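Report on the following structure.
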Amino acid sequence: MNVGIIGTGLLGNAVASRLLKTGHNVIAYNRTVGKTESLKKLGAKIADSPKKVARDSELVITIVKDASAVESVSFGADGIIHGKHEKLIVADMSTISPISSRKIAKKYLEHGIPMIDSPVMGGPLLAEKGELVVMIGGKKETYEKCKPLFDSIGNKSFYLGENGSGHAMKLAMNLQISILALAISEGIILARKSGLDPMDFLKILNSTYFKTGMSLIKGPRMVKGSFEPSFFLKMMQKDLDEINYTAKEFGANLPFAKLANEIYLLAVKDGMGDLDYTGILAYLEKVSKSES
């Protein structure tokens with residue numbers, strides 16, 4: 001299958017790499033051309049506009065920062081719609097609100113292009129292994145056409161309903177992750193301040209059913225102060241903005257989501273946005289030291 005990837009950041013690069021390794025033809029575009037070099041070496045064709053990606057692809061996957069960026073690559077000058085052909089399908093793998101997603105899908109439909117939302121759980125490492133979890137919103141028949149490709153990058157996919165459903169679920173999942181990172185961080189800080197080895201905190205946590213993938217894999221790195229990004233802290237804060245916006249629009253009161261956003265925003269303002277999202281520990285430790 002000819003697949004276009006628009007946005008070759010951490011996740012986009014990993015998804016494109018996996019698709020190339022599983023026999024798909026990949027056409028990639030990124031606003032910063034240098035971020036496509038590694039894919040070019042793997043055999044991807046590099047396009048100089050979203051229009052050209054669409055023209056040469058049966059499925060175009062957008063993996064960009066926010067709804068504004070999705071709009072730009074979709075409908076702007078040399079956008080995806082200008083490369084329209086009868087077989088073209090668009091799947092948005094960005095993390096945006098379901099409200100924005102539905103508006104974008106409607107606009108695509110006006111141009112005769114079917115769009116589904118297909119955000120994922122798992123991050124770059126699992127993308128490269130083909131072990132992502134894919135969450136789908138949109139017409140089921142459109143999803144079914146793309147399912148073999150999603151099976152290349154993921155070991156599970158969930159069809160959830162109309163456009164926006166995948167993005168709504170993705171926001172609900174990222175809310176769990178943001179708060180879990182805060183909880184593990186504060187547990188590490190409390191153990192350390194109590195004179196205990198925070199690694200013992202993790203060993204005990206991970207011996208109970210309260211353990212998580214984060215406490216097992218990222219927890220030891222957090223204790224060591226290693227925050228190599230698989231997902232930037234600043235992007236988690238952006239997602240918390242989307243979560244709180246969506247909650248307000250849907251009439252949901254999420255006090256923890258509001259508090260989490262305030263904390264992550266302070267960390268970004270303190271210059272920690274390019275750390276992994278678990279780098280929220282570094283911010284909380286800094287605050288703890290200043291208050292002691």
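Letters A, B, ... go to the chains of the structure tokens in the order shown; residues in each chain start at 1; ligands are counted from 1 in the same order.
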
| said: Set the distance at 10 Å and use only C-alpha atoms: which residues neighbour Asp151 of chain A once local chain neighbours fewer than 6 positions away are removed? I'd like the list as a ChimeraX atom specification. | reply: /A:130-134,157

DSSP-assigned helix (DSSP H, G or I) members of segment 38-75 of chain A, reported as number ranges by chain = A: 38-42, 50-55, 67-75

Hey, can you spit out that residue selection with C-alpha atoms as a PDB file, in the first residue's frame?
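Full text of result10.pdb as output:
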ATOM      1  CA  SER A  38      16.498   8.999   8.392  1.00  0.00           C
ATOM      2  CA  LEU A  39      13.371   7.871   6.532  1.00  0.00           C
ATOM      3  CA  LYS A  40      14.930   8.715   3.191  1.00  0.00           C
ATOM      4  CA  LYS A  41      17.828   6.412   4.070  1.00  0.00           C
ATOM      5  CA  LEU A  42      15.321   3.634   4.820  1.00  0.00           C
ATOM      6  CA  PRO A  50       1.164  17.616   1.640  1.00  0.00           C
ATOM      7  CA  LYS A  51      -0.454  17.898  -1.809  1.00  0.00           C
ATOM      8  CA  LYS A  52       2.238  15.705  -3.353  1.00  0.00           C
ATOM      9  CA  VAL A  53       1.988  13.209  -0.481  1.00  0.00           C
ATOM     10  CA  ALA A  54      -1.760  12.877  -1.116  1.00  0.00           C
ATOM     11  CA  ARG A  55      -1.337  12.608  -4.869  1.00  0.00           C
ATOM     12  CA  ALA A  67      -5.790  20.882  15.295  1.00  0.00           C
ATOM     13  CA  SER A  68      -4.429  24.055  13.720  1.00  0.00           C
ATOM     14  CA  ALA A  69      -1.589  22.073  12.171  1.00  0.00           C
ATOM     15  CA  VAL A  70      -4.036  19.420  10.917  1.00  0.00           C
ATOM     16  CA  GLU A  71      -6.105  22.184   9.298  1.00  0.00           C
ATOM     17  CA  SER A  72      -3.016  23.694   7.704  1.00  0.00           C
ATOM     18  CA  VAL A  73      -1.668  20.489   6.123  1.00  0.00           C
ATOM     19  CA  SER A  74      -5.186  19.487   5.086  1.00  0.00           C
ATOM     20  CA  PHE A  75      -6.698  22.632   3.610  1.00  0.00           C
TER      21      PHE A  75
END

Please provide as a PDB file with N, CA and C atoms, in the first residue's frame all residues within 12 Å of Lys21 of chain A, with the sequence filter that same-chain residues fewer than 6 positions apart are discarded (counting only C-alpha atoms).
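Here's the written file around_23.pdb:
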ATOM      1  N   ALA A  14       8.668   6.891  13.749  1.00  0.00           N
ATOM      2  CA  ALA A  14       8.608   5.480  14.131  1.00  0.00           C
ATOM      3  C   ALA A  14       7.542   4.736  13.333  1.00  0.00           C
ATOM      4  N   VAL A  15       6.382   5.356  13.139  1.00  0.00           N
ATOM      5  CA  VAL A  15       5.311   4.736  12.347  1.00  0.00           C
ATOM      6  C   VAL A  15       5.778   4.526  10.907  1.00  0.00           C
ATOM      7  N   LEU A  39      14.350   8.640   7.304  1.00  0.00           N
ATOM      8  CA  LEU A  39      13.371   7.871   6.532  1.00  0.00           C
ATOM      9  C   LEU A  39      13.807   7.729   5.082  1.00  0.00           C
ATOM     10  N   LEU A  42      16.006   4.919   4.731  1.00  0.00           N
ATOM     11  CA  LEU A  42      15.321   3.634   4.820  1.00  0.00           C
ATOM     12  C   LEU A  42      14.513   3.310   3.562  1.00  0.00           C
ATOM     13  N   GLY A  43      14.448   4.280   2.646  1.00  0.00           N
ATOM     14  CA  GLY A  43      13.753   4.028   1.385  1.00  0.00           C
ATOM     15  C   GLY A  43      12.477   4.804   1.162  1.00  0.00           C
ATOM     16  N   ALA A  44      12.151   5.710   2.077  1.00  0.00           N
ATOM     17  CA  ALA A  44      10.944   6.518   1.891  1.00  0.00           C
ATOM     18  C   ALA A  44      11.168   7.558   0.797  1.00  0.00           C
ATOM     19  N   ALA A 127       5.703   1.512  18.383  1.00  0.00           N
ATOM     20  CA  ALA A 127       5.404   1.690  16.959  1.00  0.00           C
ATOM     21  C   ALA A 127       6.391   0.905  16.105  1.00  0.00           C
ATOM     22  N   GLU A 128       7.662   0.994  16.455  1.00  0.00           N
ATOM     23  CA  GLU A 128       8.691   0.298  15.686  1.00  0.00           C
ATOM     24  C   GLU A 128       8.553  -1.221  15.789  1.00  0.00           C
ATOM     25  N   LYS A 129       7.965  -1.693  16.894  1.00  0.00           N
ATOM     26  CA  LYS A 129       7.746  -3.134  17.076  1.00  0.00           C
ATOM     27  C   LYS A 129       6.404  -3.599  16.509  1.00  0.00           C
ATOM     28  N   GLY A 130       5.558  -2.644  16.088  1.00  0.00           N
ATOM     29  CA  GLY A 130       4.236  -3.011  15.602  1.00  0.00           C
ATOM     30  C   GLY A 130       3.280  -3.378  16.715  1.00  0.00           C
ATOM     31  N   SER A 152      -0.310  -3.517  10.743  1.00  0.00           N
ATOM     32  CA  SER A 152       1.149  -3.502  10.584  1.00  0.00           C
ATOM     33  C   SER A 152       1.835  -2.746  11.720  1.00  0.00           C
ATOM     34  N   ILE A 153       1.142  -1.733  12.243  1.00  0.00           N
ATOM     35  CA  ILE A 153       1.764  -0.905  13.285  1.00  0.00           C
ATOM     36  C   ILE A 153       1.233  -1.196  14.687  1.00  0.00           C
TER      37      ILE A 153
END

Please build the interface table for segment 72-112 of chain A against segment 162-182 of chain A with a cut-off of 10 Å, listing for each qualifying residue the nearest atom pair and the distance in Å to one decimal; count only C-alpha atoms, order rows by chain and increasing number, and write it as JSON lines.
{"residue": "A:Asp92", "atom": "CA", "partner": "A:His167", "partner_atom": "CA", "distance": 9.1}
{"residue": "A:Met93", "atom": "CA", "partner": "A:His167", "partner_atom": "CA", "distance": 8.6}
{"residue": "A:Ser94", "atom": "CA", "partner": "A:His167", "partner_atom": "CA", "distance": 8.4}
{"residue": "A:Thr95", "atom": "CA", "partner": "A:His167", "partner_atom": "CA", "distance": 6.4}
{"residue": "A:Ile96", "atom": "CA", "partner": "A:His167", "partner_atom": "CA", "distance": 6.2}
{"residue": "A:Ser97", "atom": "CA", "partner": "A:His167", "partner_atom": "CA", "distance": 6.1}
{"residue": "A:Pro98", "atom": "CA", "partner": "A:Gly164", "partner_atom": "CA", "distance": 4.0}
{"residue": "A:Ile99", "atom": "CA", "partner": "A:Gly164", "partner_atom": "CA", "distance": 6.7}
{"residue": "A:Ser100", "atom": "CA", "partner": "A:Gly164", "partner_atom": "CA", "distance": 7.9}
{"residue": "A:Ser101", "atom": "CA", "partner": "A:Gly164", "partner_atom": "CA", "distance": 5.3}
{"residue": "A:Arg102", "atom": "CA", "partner": "A:Gly164", "partner_atom": "CA", "distance": 5.6}
{"residue": "A:Lys103", "atom": "CA", "partner": "A:Gly164", "partner_atom": "CA", "distance": 9.1}
{"residue": "A:Ile104", "atom": "CA", "partner": "A:Asn163", "partner_atom": "CA", "distance": 9.4}
{"residue": "A:Ala105", "atom": "CA", "partner": "A:Asn163", "partner_atom": "CA", "distance": 7.0}
{"residue": "A:Lys106", "atom": "CA", "partner": "A:Asn163", "partner_atom": "CA", "distance": 9.0}

Leaving out Gly225 of chain A and any residue of its chain fewer than 6 positions from it, which residues lie within 9 Å of it when counting only C-alpha atoms, given as an MDAnalysis selection string?
chainID A and resid 279 281:282

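In this comparison, which uses only C-alpha atoms, the residue of A:Gly83, A:Pro198, A:Gly34, A:Gly9 approaching His111 of chain A most closely is A:Gly83.
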
Distance query segment 56-60 of chain A at most 9 Å, only C-alpha atoms, self and fewer than 5 positions along chain excluded, as a PDB file with C-alpha atoms, in the first residue's frame:
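Output below, filename result_7.pdb:
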ATOM      1  CA  MET A   1       0.000   0.000   0.000  1.00  0.00           C
ATOM      2  CA  ASN A   2       1.208   3.529  -0.740  1.00  0.00           C
ATOM      3  CA  VAL A   3       1.070   5.408   2.556  1.00  0.00           C
ATOM      4  CA  GLY A   4       1.718   9.075   3.172  1.00  0.00           C
ATOM      5  CA  ILE A   5       3.055  10.269   6.517  1.00  0.00           C
ATOM      6  CA  ILE A   6       2.702  13.972   7.233  1.00  0.00           C
ATOM      7  CA  ASN A  25       5.696   2.301   0.169  1.00  0.00           C
ATOM      8  CA  VAL A  26       6.014   5.453   2.271  1.00  0.00           C
ATOM      9  CA  ILE A  27       5.855   9.048   1.068  1.00  0.00           C
ATOM     10  CA  LYS A  51      -0.454  17.898  -1.809  1.00  0.00           C
ATOM     11  CA  ILE A  80      -3.881  17.379   1.135  1.00  0.00           C
ATOM     12  CA  GLY A  83      -3.837  16.132  -4.174  1.00  0.00           C
ATOM     13  CA  HIS A  85      -7.956  11.341  -6.166  1.00  0.00           C
ATOM     14  CA  GLU A  86     -10.699   8.722  -5.996  1.00  0.00           C
ATOM     15  CA  LYS A  87      -8.819   6.245  -3.774  1.00  0.00           C
ATOM     16  CA  LEU A  88      -7.608   8.775  -1.210  1.00  0.00           C
ATOM     17  CA  ILE A  89      -8.348   8.266   2.517  1.00  0.00           C
ATOM     18  CA  VAL A  90      -7.032  10.433   5.378  1.00  0.00           C
ATOM     19  CA  ALA A  91      -6.384   9.147   8.902  1.00  0.00           C
ATOM     20  CA  ASP A  92      -5.502  11.654  11.618  1.00  0.00           C
ATOM     21  CA  CYS A 146      -7.284   0.639   6.245  1.00  0.00           C
TER      22      CYS A 146
END

Computed gap from atom CA of Thr278 of chain A to atom CA of Glu228 of chain A is 9.3 Å

Atom CA of Ala191 of chain A sits from atom CA of Asn206 of chain A at a separation of 14.8 Å

- [ ] Show which residues sit within 9 Å of Gly273 of chain A, as number ranges by chain. Count only C-alpha atoms, and ignore same-chain residues fewer than 6 positions away.
- [x] A: 232-235, 237, 264-265, 267, 279

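Distances from A:Gly187, A:Pro124, A:Gly251, A:Gly112 to Ile204 of chain A were compared using only C-alpha atoms, and the smallest one belongs to A:Gly187.
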
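All residues of protein, DNA or RNA that reach within 12 Å of Ile217 of chain A, judged by only C-alpha atoms and not counting those fewer than 4 positions away in the chain, are A:Leu202, A:Lys203, A:Asn206, A:Lys211, A:Thr212, A:Gly213, A:Arg221, A:Met222, A:Val223, A:Ser226, A:Thr278.
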
With distances taken over only C-alpha atoms, the candidate from A:Lys147, A:Lys35, A:Lys224, A:Lys156 nearest Met121 of chain A is A:Lys156

- From a DSSP pass on the backbone, collect the residues of segment 22-186 of chain A flagged as strand (DSSP E) and hand them back as a ChimeraX atom specification. /A:25-29,45-46,59-62,89-92,115-117,120-121,132-136,154-159
